[in-house]
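> Once you've had a glance at the structure underneath, I'll fire off some questions.
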Amino acid sequence: MEIVWYGLSCFKLSERGLATVVTDPYDPSSGLPALKLKADIVTVSHDAPGHNFLKAVKGERRAITGPGEYEIGGVFITGIRMDPKDAKKNGSKANTLYVFDFEGLTVAHLGDLAYVPTQSQIEDLGAVDIVLVPVGGGGALGASEAAEIVSLIEPSIVVPMHYKTGKEESKLTPVNRFLSEMGISKSDPLPVLKAAKSSLSEETQVVVLAPAS
């Protein structure tokens, strides 16, 4: 499959013969280039301009905006509501985490998760091959919390998201802090992540993607 990042929490997930997914399309007010995408499925982690701009995605797309189990175009999707025990913590916003199953290759998009889940909440995700995790703060996970979650999920591939690339209006930190937490001194960004179940490593790898223009 192929994973392309557009900035903030917006990705395009595609696999030949299966439905194409776009996650958390952002509003132009974010400061990033306007999105012009096409997909079969659009997921929204929470109702905020940086994550819910459905107009940016064309096509006969199905919008998924909350918890539940879905099967669309050969892709199985599980939406899991993630709320902290203390409802007043981190603004108490509702956040839906999505796990996508592309014929056995699983991708978890953590949305705007703002806290480290409990062990039981992590177990609810099932086996995760690729995790898309916020690392730049701004109301979501910071670098150290993101690294802690990675150690709990133990995916094959980690793709950081929701961090500052230089254009965002929101107050986010750069990806370097997360890389440092993961013990990585440098990572050259890739334009696209190409992954297959058969080629996954047992050791967790961090893949930094360059935002597509």
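Chain labels run A, B, ... following the order of the structure tokens; each chain numbers its residues from 1, and ligands are numbered from 1 in the order shown.
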So which residues touch Val21 (chain A) within 9 Å, counting only C-alpha atoms, skipping near sequence neighbours fewer than 4 positions away, as number ranges by chain?

A: 11-14, 38-43, 61, 75

> Mind dumping the selected residues with N, CA and C atoms as an mmCIF file, in the first residue's frame?


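The file below, again-v1.cif, is the result:
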data_model
loop_
_atom_site.group_PDB
_atom_site.id
_atom_site.type_symbol
_atom_site.label_atom_id
_atom_site.label_comp_id
_atom_site.auth_asym_id
_atom_site.auth_seq_id
_atom_site.Cartn_x
_atom_site.Cartn_y
_atom_site.Cartn_z
ATOM 1 N N PHE A 11 -3.724 12.288 5.734
ATOM 2 C CA PHE A 11 -3.024 11.286 4.931
ATOM 3 C C PHE A 11 -3.957 10.765 3.850
ATOM 4 N N LYS A 12 -3.346 10.195 2.813
ATOM 5 C CA LYS A 12 -4.084 9.422 1.825
ATOM 6 C C LYS A 12 -3.531 8.007 1.850
ATOM 7 N N LEU A 13 -4.403 7.037 2.118
ATOM 8 C CA LEU A 13 -4.020 5.634 2.180
ATOM 9 C C LEU A 13 -4.621 4.919 0.981
ATOM 10 N N SER A 14 -3.804 4.244 0.204
ATOM 11 C CA SER A 14 -4.324 3.596 -1.000
ATOM 12 C C SER A 14 -3.654 2.253 -1.239
ATOM 13 N N LYS A 38 -9.127 13.231 -3.870
ATOM 14 C CA LYS A 38 -10.235 12.373 -4.264
ATOM 15 C C LYS A 38 -10.099 11.071 -3.510
ATOM 16 N N ALA A 39 -11.178 10.574 -2.954
ATOM 17 C CA ALA A 39 -11.120 9.345 -2.168
ATOM 18 C C ALA A 39 -12.489 8.698 -2.097
ATOM 19 N N ASP A 40 -12.509 7.443 -1.663
ATOM 20 C CA ASP A 40 -13.757 6.719 -1.456
ATOM 21 C C ASP A 40 -14.262 6.894 -0.028
ATOM 22 N N ILE A 41 -13.319 7.111 0.893
ATOM 23 C CA ILE A 41 -13.642 7.218 2.314
ATOM 24 C C ILE A 41 -12.908 8.411 2.904
ATOM 25 N N VAL A 42 -13.587 9.177 3.752
ATOM 26 C CA VAL A 42 -12.941 10.262 4.507
ATOM 27 C C VAL A 42 -13.245 10.045 5.983
ATOM 28 N N THR A 43 -12.204 10.032 6.814
ATOM 29 C CA THR A 43 -12.419 9.894 8.252
ATOM 30 C C THR A 43 -12.074 11.202 8.955
ATOM 31 N N ARG A 61 -17.401 9.906 -2.004
ATOM 32 C CA ARG A 61 -16.775 9.455 -0.771
ATOM 33 C C ARG A 61 -17.776 9.299 0.365
ATOM 34 N N VAL A 75 -12.033 -2.403 2.512
ATOM 35 C CA VAL A 75 -11.276 -1.901 3.662
ATOM 36 C C VAL A 75 -12.153 -1.987 4.915
#

> According to DSSP computed on the backbone, where in chain A is there strand (DSSP E or B)? Give the residues as number ranges by chain.

A: 2-7, 10-14, 21-23, 37-38, 41-43, 57-58, 62-64, 68-72, 75-81, 96-102, 105-109, 130-134, 157-161, 190, 193-194, 205-206, 209

> I need the residues from that last selection saved to file as a compact mmCIF listing (two decimals), in the first residue's frame (with C-alpha atoms), if you can.


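Result file follows (result-v8.txt):
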# COMPACT_ATOMS: atom_id res chain seq x y z
CA GLU A 2 0.97 3.66 -0.29
CA ILE A 3 0.70 6.36 2.37
CA VAL A 4 1.06 10.03 1.46
CA TRP A 5 1.08 12.83 4.05
CA TYR A 6 -0.29 16.32 3.34
CA GLY A 7 0.46 17.97 6.68
CA CYS A 10 -4.12 14.43 6.79
CA PHE A 11 -3.02 11.29 4.93
CA LYS A 12 -4.08 9.42 1.82
CA LEU A 13 -4.02 5.63 2.18
CA SER A 14 -4.32 3.60 -1.00
CA VAL A 21 -8.97 6.65 2.37
CA VAL A 22 -8.26 10.28 3.31
CA THR A 23 -7.89 11.12 7.00
CA LEU A 37 -8.05 15.22 -3.05
CA LYS A 38 -10.24 12.37 -4.26
CA ILE A 41 -13.64 7.22 2.31
CA VAL A 42 -12.94 10.26 4.51
CA THR A 43 -12.42 9.89 8.25
CA VAL A 57 -12.17 15.65 -0.79
CA LYS A 58 -14.11 14.98 -3.97
CA ARG A 62 -18.27 8.09 2.43
CA ALA A 63 -17.64 10.28 5.47
CA ILE A 64 -16.94 8.54 8.80
CA GLY A 68 -18.15 2.12 14.87
CA GLU A 69 -17.22 -0.72 12.55
CA TYR A 70 -17.34 -0.22 8.80
CA GLU A 71 -16.51 -2.18 5.65
CA ILE A 72 -16.22 -0.13 2.49
CA VAL A 75 -11.28 -1.90 3.66
CA PHE A 76 -12.34 -2.73 7.21
CA ILE A 77 -12.42 0.29 9.53
CA THR A 78 -12.81 0.38 13.29
CA GLY A 79 -13.45 3.74 14.91
CA ILE A 80 -12.67 3.83 18.64
CA ARG A 81 -13.66 6.71 20.90
CA THR A 96 -11.94 9.02 17.41
CA LEU A 97 -9.00 6.79 16.62
CA TYR A 98 -9.29 4.71 13.45
CA VAL A 99 -7.77 1.33 12.62
CA PHE A 100 -7.78 0.48 8.91
CA ASP A 101 -7.37 -3.10 7.73
CA PHE A 102 -6.16 -3.34 4.14
CA LEU A 105 -2.11 -4.79 6.74
CA THR A 106 -3.33 -2.64 9.62
CA VAL A 107 -2.85 1.11 9.96
CA ALA A 108 -3.86 3.04 13.10
CA HIS A 109 -4.50 6.79 12.81
CA ILE A 130 1.71 1.02 11.00
CA VAL A 131 0.81 3.80 13.43
CA LEU A 132 0.28 7.44 12.44
CA VAL A 133 0.94 9.36 15.64
CA PRO A 134 0.76 13.07 16.54
CA ILE A 157 6.41 1.35 11.27
CA VAL A 158 5.80 4.71 12.96
CA VAL A 159 4.89 7.77 10.91
CA PRO A 160 4.90 11.03 12.89
CA MET A 161 2.23 13.64 12.10
CA LEU A 190 10.34 10.35 2.03
CA LEU A 193 5.64 5.30 2.27
CA LYS A 194 5.24 2.04 0.37
CA GLN A 205 11.11 1.78 12.28
CA VAL A 206 10.34 5.51 12.16
CA LEU A 209 7.24 11.79 5.31

> Measuring atom to atom with only C-alpha atoms, identify which of A:Leu152, A:Ala146, A:Leu18, A:Val192 is nearest to Thr118 (chain A).

A:Leu152

> Determine which residues of region 6-210 of chain A DSSP labels as alpha helix (DSSP H) from the backbone of this structure, then write them out as a ChimeraX atom specification.

/A:119-124,143-153,176-181

> Those residues you just picked out, can you put them in a file as a PDB file, in the first residue's frame with N, CA and C atoms?


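This is the output file result.pdb:
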ATOM      1  N   GLN A 119      -3.504   0.450  29.197  1.00  0.00           N
ATOM      2  CA  GLN A 119      -3.115  -0.793  28.534  1.00  0.00           C
ATOM      3  C   GLN A 119      -4.326  -1.459  27.881  1.00  0.00           C
ATOM      4  N   SER A 120      -5.481  -1.407  28.543  1.00  0.00           N
ATOM      5  CA  SER A 120      -6.685  -2.024  27.975  1.00  0.00           C
ATOM      6  C   SER A 120      -7.138  -1.299  26.718  1.00  0.00           C
ATOM      7  N   GLN A 121      -6.987   0.031  26.708  1.00  0.00           N
ATOM      8  CA  GLN A 121      -7.342   0.793  25.505  1.00  0.00           C
ATOM      9  C   GLN A 121      -6.398   0.462  24.352  1.00  0.00           C
ATOM     10  N   ILE A 122      -5.133   0.270  24.665  1.00  0.00           N
ATOM     11  CA  ILE A 122      -4.168  -0.125  23.639  1.00  0.00           C
ATOM     12  C   ILE A 122      -4.531  -1.494  23.074  1.00  0.00           C
ATOM     13  N   GLU A 123      -4.933  -2.400  23.932  1.00  0.00           N
ATOM     14  CA  GLU A 123      -5.288  -3.748  23.502  1.00  0.00           C
ATOM     15  C   GLU A 123      -6.517  -3.744  22.597  1.00  0.00           C
ATOM     16  N   ASP A 124      -7.393  -2.760  22.784  1.00  0.00           N
ATOM     17  CA  ASP A 124      -8.586  -2.651  21.937  1.00  0.00           C
ATOM     18  C   ASP A 124      -8.225  -2.424  20.469  1.00  0.00           C
ATOM     19  N   ALA A 143       6.146  15.042  22.080  1.00  0.00           N
ATOM     20  CA  ALA A 143       7.169  14.077  21.671  1.00  0.00           C
ATOM     21  C   ALA A 143       7.324  12.915  22.645  1.00  0.00           C
ATOM     22  N   SER A 144       7.447  13.199  23.931  1.00  0.00           N
ATOM     23  CA  SER A 144       7.696  12.128  24.903  1.00  0.00           C
ATOM     24  C   SER A 144       6.487  11.214  25.052  1.00  0.00           C
ATOM     25  N   GLU A 145       5.274  11.792  25.031  1.00  0.00           N
ATOM     26  CA  GLU A 145       4.059  10.975  25.132  1.00  0.00           C
ATOM     27  C   GLU A 145       3.907  10.087  23.894  1.00  0.00           C
ATOM     28  N   ALA A 146       4.217  10.657  22.736  1.00  0.00           N
ATOM     29  CA  ALA A 146       4.125   9.881  21.496  1.00  0.00           C
ATOM     30  C   ALA A 146       5.079   8.696  21.529  1.00  0.00           C
ATOM     31  N   ALA A 147       6.295   8.913  22.013  1.00  0.00           N
ATOM     32  CA  ALA A 147       7.282   7.836  22.104  1.00  0.00           C
ATOM     33  C   ALA A 147       6.800   6.755  23.071  1.00  0.00           C
ATOM     34  N   GLU A 148       6.144   7.168  24.154  1.00  0.00           N
ATOM     35  CA  GLU A 148       5.626   6.196  25.116  1.00  0.00           C
ATOM     36  C   GLU A 148       4.537   5.329  24.490  1.00  0.00           C
ATOM     37  N   ILE A 149       3.658   5.944  23.700  1.00  0.00           N
ATOM     38  CA  ILE A 149       2.595   5.195  23.043  1.00  0.00           C
ATOM     39  C   ILE A 149       3.171   4.212  22.035  1.00  0.00           C
ATOM     40  N   VAL A 150       4.192   4.625  21.311  1.00  0.00           N
ATOM     41  CA  VAL A 150       4.838   3.733  20.340  1.00  0.00           C
ATOM     42  C   VAL A 150       5.362   2.485  21.048  1.00  0.00           C
ATOM     43  N   SER A 151       5.944   2.663  22.223  1.00  0.00           N
ATOM     44  CA  SER A 151       6.483   1.521  22.970  1.00  0.00           C
ATOM     45  C   SER A 151       5.382   0.585  23.446  1.00  0.00           C
ATOM     46  N   LEU A 152       4.165   1.115  23.638  1.00  0.00           N
ATOM     47  CA  LEU A 152       3.037   0.292  24.065  1.00  0.00           C
ATOM     48  C   LEU A 152       2.412  -0.458  22.890  1.00  0.00           C
ATOM     49  N   ILE A 153       2.292   0.213  21.742  1.00  0.00           N
ATOM     50  CA  ILE A 153       1.656  -0.398  20.573  1.00  0.00           C
ATOM     51  C   ILE A 153       2.593  -1.368  19.873  1.00  0.00           C
ATOM     52  N   ASN A 176      11.827  16.948  15.166  1.00  0.00           N
ATOM     53  CA  ASN A 176      13.130  16.572  15.733  1.00  0.00           C
ATOM     54  C   ASN A 176      13.044  16.120  17.184  1.00  0.00           C
ATOM     55  N   ARG A 177      12.159  16.724  17.953  1.00  0.00           N
ATOM     56  CA  ARG A 177      12.028  16.346  19.364  1.00  0.00           C
ATOM     57  C   ARG A 177      11.569  14.892  19.494  1.00  0.00           C
ATOM     58  N   PHE A 178      10.633  14.505  18.646  1.00  0.00           N
ATOM     59  CA  PHE A 178      10.157  13.115  18.677  1.00  0.00           C
ATOM     60  C   PHE A 178      11.264  12.164  18.237  1.00  0.00           C
ATOM     61  N   LEU A 179      11.996  12.523  17.195  1.00  0.00           N
ATOM     62  CA  LEU A 179      13.086  11.672  16.731  1.00  0.00           C
ATOM     63  C   LEU A 179      14.116  11.473  17.835  1.00  0.00           C
ATOM     64  N   SER A 180      14.396  12.530  18.576  1.00  0.00           N
ATOM     65  CA  SER A 180      15.338  12.439  19.692  1.00  0.00           C
ATOM     66  C   SER A 180      14.825  11.479  20.758  1.00  0.00           C
ATOM     67  N   GLU A 181      13.515  11.563  21.053  1.00  0.00           N
ATOM     68  CA  GLU A 181      12.914  10.658  22.040  1.00  0.00           C
ATOM     69  C   GLU A 181      13.023   9.201  21.587  1.00  0.00           C
TER      70      GLU A 181
END
